[in-house]
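Encoded as structure tokens, the structure appears first; notes follow it.
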Amino acid sequence: MIEIKSGRDHDAILTVTSEASSMPLRMLMLIAILATLSASSAGAPADSSPALSELMTRLQLQHAKLWFAGKLSNWSLASYELRQIDSNLEAAGRLLADPSRAIRAREQIQAVGQALQSKDVAAFMKSYAALTNECNGCHRSSGYAPIAIQIPLTVPVPNQLFVDQVAEGRALAHSNCGTCHLVADAAKEPPTLRPPAPAFPEIVSRSSFSADALRLFLTSSHRRLGPDQTMPNPRLSEYQIEAIVAYLETLGARPPR
């Protein structure tokens with residue numbers, strides 16, 4: 001007869017009676033190993049599942065992206081990342097042995113959301129720090145003290161722009177083009193001068209309009225631009241051109257009134 005018991009430290013104790021002494025040694029060792037693994041699994045934390053680990057990895061990335069979006073006043077991106085964090089924390093709470101651990105962190109998320117809604121950078125930074133501290137407090141109380149997060153020092157992904165490109169494009173369009181062109185709404189934003197320059201909404205509605213054509217037009221090295229050579233070269237940098245292109249593309253994407 002074979003009897004397997006769990007020891008004090010979850011080590012399997014294998015007892016073999018004389019009746020089973022003829023069983024091959026390899027089989028006995030396999031049984032002992034399986035029993036040890038079973039006992040170790042029984043003593044593992046209930047919230048150490050691979051699914052929870054994956055959620056926490058996502059949260060760490062979103063936590064970093066939220067910081068740069070809010071710090072650079074990209075309120076739309078920051079709100080998006082905050083929604084992702086809230087959704088993943090809710091999912092993580094369902095996997096925790098004590099679901100109440102995630103409640104206080106989600107309360108801090110509400111404070112961050114209020115700062116984003118008011119577009120207050122100082123309030124955002126304060127609430128973000130409180131959220132970070134709450135996450136670390138949850139880690140410590142859950143037995144994961146070595147996992148400590150901080151306010152990020154560098155951007156988490158090098159291929160993402162964290163400034164609000166469309167907002168920058170709008171500001172550049174007004175400052176560089178608004179003297180002659182109507183940038184958006186005629187009732188709210190009349191140009192300072194009124195030469196025969198087409199309005200931006202008219203430009204983007206043309207069948208010939210494309211982002212590539214606009215880039216080529218704005219990067220021209222000629223002294224003056226346009227078919228009548230009446231437009232001075234704005235001499236924009238590459239990132240400024242991309243911002244203006246992004247803004248005009250959003251104008252073209254708007255549904256007709």
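Please note that chains go A, B, ... in the order of the structure tokens, that every chain numbers its residues from 1, and that ligands are numbered from 1 in the order shown.
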
At a cut-off of 10 Å, using only C-alpha atoms, what residues contact A:Gln84? Leave out same-chain residues fewer than 5 positions from it and give the result as a list in words. Arg58, Leu59, Gln62, His63, Leu66, Ala78, Ser79, Leu89 and Glu90 of chain A

Got a sec: who's within 12 Å of A:Ser237, counting only C-alpha atoms, leaving out chain neighbours fewer than 4 positions off, as a list in words?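 Using only C-alpha atoms, the neighbours found are Leu172, Arg215, Leu218, Thr219, Ser220, Asn233, Ile241, Glu242, Ala243 and Ile244 of chain A.
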
Write out as a ChimeraX atom specification all residues of stretch 34-220 of chain A that backbone DSSP assigns to helix (DSSP H, G or I). /A:34-42,50-71,75-93,101-118,121-141,165-177,200-205,211-218

What's the separation between atom CA of A:Val245 and atom CA of A:Leu214, in Å to one decimal place?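 Going from atom CA of A:Val245 over to atom CA of A:Leu214 covers 7.0 Å.
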
A:Ser87 environment, 12 Å, only C-alpha atoms, sequence neighbours closer than 3 positions dropped, as a PDB file with C-alpha atoms, in the first residue's frame:
```pdb
ATOM      1  CA  LEU A  55      -3.751  42.299 -15.937  1.00  0.00           C
ATOM      2  CA  MET A  56      -1.166  43.847 -13.632  1.00  0.00           C
ATOM      3  CA  ARG A  58      -1.270  45.948 -18.556  1.00  0.00           C
ATOM      4  CA  LEU A  59      -2.009  48.237 -15.633  1.00  0.00           C
ATOM      5  CA  GLN A  62      -1.349  52.171 -18.694  1.00  0.00           C
ATOM      6  CA  TYR A  80      -8.816  56.981 -22.362  1.00  0.00           C
ATOM      7  CA  GLU A  81      -5.941  55.467 -20.366  1.00  0.00           C
ATOM      8  CA  LEU A  82      -7.796  56.092 -17.099  1.00  0.00           C
ATOM      9  CA  ARG A  83     -10.831  54.204 -18.421  1.00  0.00           C
ATOM     10  CA  GLN A  84      -8.552  51.307 -19.336  1.00  0.00           C
ATOM     11  CA  GLU A  90     -12.386  45.896 -11.955  1.00  0.00           C
ATOM     12  CA  ALA A  91     -11.358  42.688 -13.707  1.00  0.00           C
ATOM     13  CA  ALA A  92      -8.444  42.220 -11.304  1.00  0.00           C
ATOM     14  CA  GLY A  93     -10.770  42.597  -8.331  1.00  0.00           C
ATOM     15  CA  ARG A  94     -12.676  39.523  -9.472  1.00  0.00           C
ATOM     16  CA  ALA A 102      -9.137  47.110  -5.523  1.00  0.00           C
ATOM     17  CA  ALA A 105      -7.582  52.199  -5.823  1.00  0.00           C
ATOM     18  CA  ARG A 106     -10.741  52.726  -7.875  1.00  0.00           C
ATOM     19  CA  ILE A 109      -9.193  56.810  -9.962  1.00  0.00           C
TER      20      ILE A 109
END
```

Give the answer as one residue: which of A:Gln160, A:Gln165, A:Leu72, A:Val155 has the shortest atom-to-atom distance to A:Ala122, using only C-alpha atoms? A:Leu72

Considering only strand (DSSP E) as DSSP defines it on the backbone, what residues of stretch 122-247 of chain A qualify? List them as a ChimeraX atom specification. /A:224-225,231-232

What's around A:Gln60 at 12 Å? Count only C-alpha atoms, leave out sequence neighbours fewer than 5 positions away in its own chain, and write the answer as a PDB file with all heavy atoms, in the first residue's frame.
```
ATOM      1  N   SER A  53      -1.665  38.244 -13.217  1.00  0.00           N
ATOM      2  CA  SER A  53      -0.346  38.781 -13.554  1.00  0.00           C
ATOM      3  C   SER A  53      -0.387  39.547 -14.872  1.00  0.00           C
ATOM      4  O   SER A  53       0.211  40.622 -15.005  1.00  0.00           O
ATOM      5  CB  SER A  53       0.663  37.634 -13.637  1.00  0.00           C
ATOM      6  OG  SER A  53       1.933  38.108 -14.031  1.00  0.00           O
ATOM      7  N   GLU A  54      -1.117  39.019 -15.847  1.00  0.00           N
ATOM      8  CA  GLU A  54      -1.239  39.707 -17.137  1.00  0.00           C
ATOM      9  C   GLU A  54      -1.968  41.035 -16.984  1.00  0.00           C
ATOM     10  O   GLU A  54      -1.585  42.043 -17.588  1.00  0.00           O
ATOM     11  CB  GLU A  54      -1.976  38.808 -18.122  1.00  0.00           C
ATOM     12  CG  GLU A  54      -2.114  39.415 -19.516  1.00  0.00           C
ATOM     13  CD  GLU A  54      -2.840  38.507 -20.490  1.00  0.00           C
ATOM     14  OE1 GLU A  54      -3.041  37.316 -20.156  1.00  0.00           O
ATOM     15  OE2 GLU A  54      -3.209  38.983 -21.571  1.00  0.00           O
ATOM     16  N   LEU A  55      -3.021  41.056 -16.174  1.00  0.00           N
ATOM     17  CA  LEU A  55      -3.751  42.299 -15.937  1.00  0.00           C
ATOM     18  C   LEU A  55      -2.852  43.345 -15.283  1.00  0.00           C
ATOM     19  O   LEU A  55      -2.885  44.524 -15.637  1.00  0.00           O
ATOM     20  CB  LEU A  55      -4.972  42.029 -15.051  1.00  0.00           C
ATOM     21  CG  LEU A  55      -6.209  41.458 -15.735  1.00  0.00           C
ATOM     22  CD1 LEU A  55      -7.235  41.029 -14.705  1.00  0.00           C
ATOM     23  CD2 LEU A  55      -6.815  42.475 -16.695  1.00  0.00           C
ATOM     24  N   LYS A  65       1.546  55.483 -19.200  1.00  0.00           N
ATOM     25  CA  LYS A  65       1.011  56.280 -20.298  1.00  0.00           C
ATOM     26  C   LYS A  65       0.086  57.379 -19.783  1.00  0.00           C
ATOM     27  O   LYS A  65       0.062  58.493 -20.319  1.00  0.00           O
ATOM     28  CB  LYS A  65       0.282  55.368 -21.290  1.00  0.00           C
ATOM     29  CG  LYS A  65       1.227  54.418 -22.026  1.00  0.00           C
ATOM     30  CD  LYS A  65       0.482  53.383 -22.838  1.00  0.00           C
ATOM     31  CE  LYS A  65      -0.136  53.977 -24.063  1.00  0.00           C
ATOM     32  NZ  LYS A  65      -0.734  52.938 -24.937  1.00  0.00           N
ATOM     33  N   LEU A  66      -0.661  57.067 -18.735  1.00  0.00           N
ATOM     34  CA  LEU A  66      -1.540  58.072 -18.137  1.00  0.00           C
ATOM     35  C   LEU A  66      -0.736  59.268 -17.640  1.00  0.00           C
ATOM     36  O   LEU A  66      -1.153  60.426 -17.804  1.00  0.00           O
ATOM     37  CB  LEU A  66      -2.318  57.436 -16.974  1.00  0.00           C
ATOM     38  CG  LEU A  66      -3.129  58.394 -16.088  1.00  0.00           C
ATOM     39  CD1 LEU A  66      -4.220  59.086 -16.888  1.00  0.00           C
ATOM     40  CD2 LEU A  66      -3.740  57.629 -14.909  1.00  0.00           C
ATOM     41  N   TRP A  67       0.420  59.013 -17.044  1.00  0.00           N
ATOM     42  CA  TRP A  67       1.233  60.097 -16.487  1.00  0.00           C
ATOM     43  C   TRP A  67       1.643  61.095 -17.566  1.00  0.00           C
ATOM     44  O   TRP A  67       1.459  62.307 -17.416  1.00  0.00           O
ATOM     45  CB  TRP A  67       2.469  59.533 -15.800  1.00  0.00           C
ATOM     46  CG  TRP A  67       3.486  60.574 -15.439  1.00  0.00           C
ATOM     47  CD1 TRP A  67       4.682  60.801 -16.036  1.00  0.00           C
ATOM     48  CD2 TRP A  67       3.370  61.554 -14.398  1.00  0.00           C
ATOM     49  NE1 TRP A  67       5.341  61.842 -15.443  1.00  0.00           N
ATOM     50  CE2 TRP A  67       4.553  62.333 -14.424  1.00  0.00           C
ATOM     51  CE3 TRP A  67       2.395  61.837 -13.440  1.00  0.00           C
ATOM     52  CZ2 TRP A  67       4.774  63.377 -13.542  1.00  0.00           C
ATOM     53  CZ3 TRP A  67       2.627  62.882 -12.554  1.00  0.00           C
ATOM     54  CH2 TRP A  67       3.794  63.637 -12.603  1.00  0.00           C
ATOM     55  N   GLU A  81      -6.782  56.360 -21.167  1.00  0.00           N
ATOM     56  CA  GLU A  81      -5.941  55.467 -20.366  1.00  0.00           C
ATOM     57  C   GLU A  81      -6.556  55.234 -18.984  1.00  0.00           C
ATOM     58  O   GLU A  81      -6.473  54.122 -18.448  1.00  0.00           O
ATOM     59  CB  GLU A  81      -4.530  56.043 -20.225  1.00  0.00           C
ATOM     60  CG  GLU A  81      -3.757  56.161 -21.530  1.00  0.00           C
ATOM     61  CD  GLU A  81      -3.488  54.819 -22.188  1.00  0.00           C
ATOM     62  OE1 GLU A  81      -3.645  53.764 -21.535  1.00  0.00           O
ATOM     63  OE2 GLU A  81      -3.112  54.818 -23.378  1.00  0.00           O
ATOM     64  N   LEU A  82      -7.176  56.255 -18.412  1.00  0.00           N
ATOM     65  CA  LEU A  82      -7.796  56.092 -17.099  1.00  0.00           C
ATOM     66  C   LEU A  82      -8.966  55.111 -17.168  1.00  0.00           C
ATOM     67  O   LEU A  82      -9.159  54.303 -16.257  1.00  0.00           O
ATOM     68  CB  LEU A  82      -8.273  57.446 -16.570  1.00  0.00           C
ATOM     69  CG  LEU A  82      -8.719  57.451 -15.106  1.00  0.00           C
ATOM     70  CD1 LEU A  82      -7.538  57.147 -14.182  1.00  0.00           C
ATOM     71  CD2 LEU A  82      -9.343  58.792 -14.728  1.00  0.00           C
ATOM     72  N   GLN A  84      -9.163  52.628 -19.225  1.00  0.00           N
ATOM     73  CA  GLN A  84      -8.552  51.307 -19.336  1.00  0.00           C
ATOM     74  C   GLN A  84      -8.091  50.801 -17.966  1.00  0.00           C
ATOM     75  O   GLN A  84      -8.264  49.618 -17.633  1.00  0.00           O
ATOM     76  CB  GLN A  84      -7.355  51.363 -20.300  1.00  0.00           C
ATOM     77  CG  GLN A  84      -7.698  51.748 -21.726  1.00  0.00           C
ATOM     78  CD  GLN A  84      -8.698  50.800 -22.351  1.00  0.00           C
ATOM     79  OE1 GLN A  84      -8.487  49.589 -22.386  1.00  0.00           O
ATOM     80  NE2 GLN A  84      -9.795  51.326 -22.855  1.00  0.00           N
ATOM     81  N   ILE A  85      -7.509  51.681 -17.184  1.00  0.00           N
ATOM     82  CA  ILE A  85      -7.051  51.302 -15.839  1.00  0.00           C
ATOM     83  C   ILE A  85      -8.234  50.880 -14.977  1.00  0.00           C
ATOM     84  O   ILE A  85      -8.185  49.855 -14.280  1.00  0.00           O
ATOM     85  CB  ILE A  85      -6.290  52.471 -15.192  1.00  0.00           C
ATOM     86  CG1 ILE A  85      -4.935  52.679 -15.893  1.00  0.00           C
ATOM     87  CG2 ILE A  85      -6.071  52.227 -13.697  1.00  0.00           C
ATOM     88  CD1 ILE A  85      -4.182  53.905 -15.415  1.00  0.00           C
ATOM     89  N   ASN A  88      -9.525  47.437 -16.077  1.00  0.00           N
ATOM     90  CA  ASN A  88      -8.632  46.341 -15.709  1.00  0.00           C
ATOM     91  C   ASN A  88      -8.583  46.124 -14.201  1.00  0.00           C
ATOM     92  O   ASN A  88      -8.427  44.988 -13.745  1.00  0.00           O
ATOM     93  CB  ASN A  88      -7.227  46.604 -16.255  1.00  0.00           C
ATOM     94  CG  ASN A  88      -7.124  46.301 -17.737  1.00  0.00           C
ATOM     95  OD1 ASN A  88      -7.787  45.407 -18.243  1.00  0.00           O
ATOM     96  ND2 ASN A  88      -6.307  47.059 -18.454  1.00  0.00           N
ATOM     97  N   LEU A  89      -8.720  47.190 -13.427  1.00  0.00           N
ATOM     98  CA  LEU A  89      -8.781  47.025 -11.970  1.00  0.00           C
ATOM     99  C   LEU A  89     -10.059  46.295 -11.559  1.00  0.00           C
ATOM    100  O   LEU A  89     -10.038  45.471 -10.637  1.00  0.00           O
ATOM    101  CB  LEU A  89      -8.716  48.392 -11.284  1.00  0.00           C
ATOM    102  CG  LEU A  89      -7.334  48.894 -10.875  1.00  0.00           C
ATOM    103  CD1 LEU A  89      -7.447  50.256 -10.216  1.00  0.00           C
ATOM    104  CD2 LEU A  89      -6.642  47.906  -9.938  1.00  0.00           C
ATOM    105  N   THR A 132      -0.808  56.170  -7.191  1.00  0.00           N
ATOM    106  CA  THR A 132       0.404  55.347  -7.176  1.00  0.00           C
ATOM    107  C   THR A 132       0.680  54.809  -5.776  1.00  0.00           C
ATOM    108  O   THR A 132       1.002  53.624  -5.598  1.00  0.00           O
ATOM    109  CB  THR A 132       1.601  56.176  -7.681  1.00  0.00           C
ATOM    110  OG1 THR A 132       1.319  56.676  -8.993  1.00  0.00           O
ATOM    111  CG2 THR A 132       2.869  55.334  -7.730  1.00  0.00           C
ATOM    112  N   CYS A 135      -1.720  51.994  -4.938  1.00  0.00           N
ATOM    113  CA  CYS A 135      -1.346  50.734  -5.592  1.00  0.00           C
ATOM    114  C   CYS A 135      -0.237  50.027  -4.816  1.00  0.00           C
ATOM    115  O   CYS A 135      -0.296  48.811  -4.581  1.00  0.00           O
ATOM    116  CB  CYS A 135      -0.891  51.001  -7.024  1.00  0.00           C
ATOM    117  SG  CYS A 135      -2.212  51.532  -8.141  1.00  0.00           S
ATOM    118  N   ASN A 136       0.767  50.784  -4.410  1.00  0.00           N
ATOM    119  CA  ASN A 136       1.866  50.182  -3.657  1.00  0.00           C
ATOM    120  C   ASN A 136       1.402  49.691  -2.290  1.00  0.00           C
ATOM    121  O   ASN A 136       1.870  48.655  -1.805  1.00  0.00           O
ATOM    122  CB  ASN A 136       3.009  51.185  -3.501  1.00  0.00           C
ATOM    123  CG  ASN A 136       3.787  51.378  -4.794  1.00  0.00           C
ATOM    124  OD1 ASN A 136       3.892  50.465  -5.594  1.00  0.00           O
ATOM    125  ND2 ASN A 136       4.314  52.564  -5.001  1.00  0.00           N
ATOM    126  N   ILE A 147       7.023  44.405  -5.373  1.00  0.00           N
ATOM    127  CA  ILE A 147       6.508  45.030  -6.594  1.00  0.00           C
ATOM    128  C   ILE A 147       6.081  46.450  -6.250  1.00  0.00           C
ATOM    129  O   ILE A 147       4.991  46.686  -5.728  1.00  0.00           O
ATOM    130  CB  ILE A 147       5.324  44.240  -7.175  1.00  0.00           C
ATOM    131  CG1 ILE A 147       5.726  42.800  -7.452  1.00  0.00           C
ATOM    132  CG2 ILE A 147       4.818  44.902  -8.460  1.00  0.00           C
ATOM    133  CD1 ILE A 147       4.605  41.922  -7.948  1.00  0.00           C
ATOM    134  N   ALA A 148       6.961  47.405  -6.506  1.00  0.00           N
ATOM    135  CA  ALA A 148       6.680  48.814  -6.204  1.00  0.00           C
ATOM    136  C   ALA A 148       6.767  49.620  -7.485  1.00  0.00           C
ATOM    137  O   ALA A 148       7.722  49.483  -8.254  1.00  0.00           O
ATOM    138  CB  ALA A 148       7.669  49.338  -5.172  1.00  0.00           C
ATOM    139  N   ILE A 149       5.761  50.440  -7.743  1.00  0.00           N
ATOM    140  CA  ILE A 149       5.753  51.278  -8.937  1.00  0.00           C
ATOM    141  C   ILE A 149       6.015  52.722  -8.538  1.00  0.00           C
ATOM    142  O   ILE A 149       5.840  53.103  -7.378  1.00  0.00           O
ATOM    143  CB  ILE A 149       4.426  51.160  -9.712  1.00  0.00           C
ATOM    144  CG1 ILE A 149       3.240  51.561  -8.820  1.00  0.00           C
ATOM    145  CG2 ILE A 149       4.243  49.758 -10.252  1.00  0.00           C
ATOM    146  CD1 ILE A 149       1.927  51.594  -9.559  1.00  0.00           C
ATOM    147  N   GLN A 150       6.436  53.514  -9.496  1.00  0.00           N
ATOM    148  CA  GLN A 150       6.747  54.906  -9.233  1.00  0.00           C
ATOM    149  C   GLN A 150       6.234  55.771 -10.376  1.00  0.00           C
ATOM    150  O   GLN A 150       5.808  55.259 -11.412  1.00  0.00           O
ATOM    151  CB  GLN A 150       8.253  55.093  -9.092  1.00  0.00           C
ATOM    152  CG  GLN A 150       9.025  54.790 -10.372  1.00  0.00           C
ATOM    153  CD  GLN A 150      10.505  55.075 -10.259  1.00  0.00           C
ATOM    154  OE1 GLN A 150      10.989  55.517  -9.223  1.00  0.00           O
ATOM    155  NE2 GLN A 150      11.258  54.822 -11.330  1.00  0.00           N
ATOM    156  N   ILE A 151       6.294  57.080 -10.180  1.00  0.00           N
ATOM    157  CA  ILE A 151       5.990  57.990 -11.270  1.00  0.00           C
ATOM    158  C   ILE A 151       7.053  57.788 -12.345  1.00  0.00           C
ATOM    159  O   ILE A 151       8.247  57.844 -12.059  1.00  0.00           O
ATOM    160  CB  ILE A 151       5.978  59.447 -10.772  1.00  0.00           C
ATOM    161  CG1 ILE A 151       4.809  59.659  -9.808  1.00  0.00           C
ATOM    162  CG2 ILE A 151       5.878  60.416 -11.940  1.00  0.00           C
ATOM    163  CD1 ILE A 151       4.765  61.026  -9.174  1.00  0.00           C
ATOM    164  N   PRO A 152       6.665  57.497 -13.582  1.00  0.00           N
ATOM    165  CA  PRO A 152       7.648  57.131 -14.614  1.00  0.00           C
ATOM    166  C   PRO A 152       8.613  58.262 -14.940  1.00  0.00           C
ATOM    167  O   PRO A 152       8.250  59.443 -14.936  1.00  0.00           O
ATOM    168  CB  PRO A 152       6.773  56.769 -15.819  1.00  0.00           C
ATOM    169  CG  PRO A 152       5.478  57.462 -15.579  1.00  0.00           C
ATOM    170  CD  PRO A 152       5.290  57.502 -14.100  1.00  0.00           C
ATOM    171  N   PRO A 156       6.992  55.289 -21.747  1.00  0.00           N
ATOM    172  CA  PRO A 156       6.973  53.822 -21.760  1.00  0.00           C
ATOM    173  C   PRO A 156       7.093  53.209 -23.149  1.00  0.00           C
ATOM    174  O   PRO A 156       7.547  52.083 -23.288  1.00  0.00           O
ATOM    175  CB  PRO A 156       5.616  53.493 -21.133  1.00  0.00           C
ATOM    176  CG  PRO A 156       4.768  54.683 -21.448  1.00  0.00           C
ATOM    177  CD  PRO A 156       5.691  55.862 -21.412  1.00  0.00           C
TER     178      PRO A 156
END
```
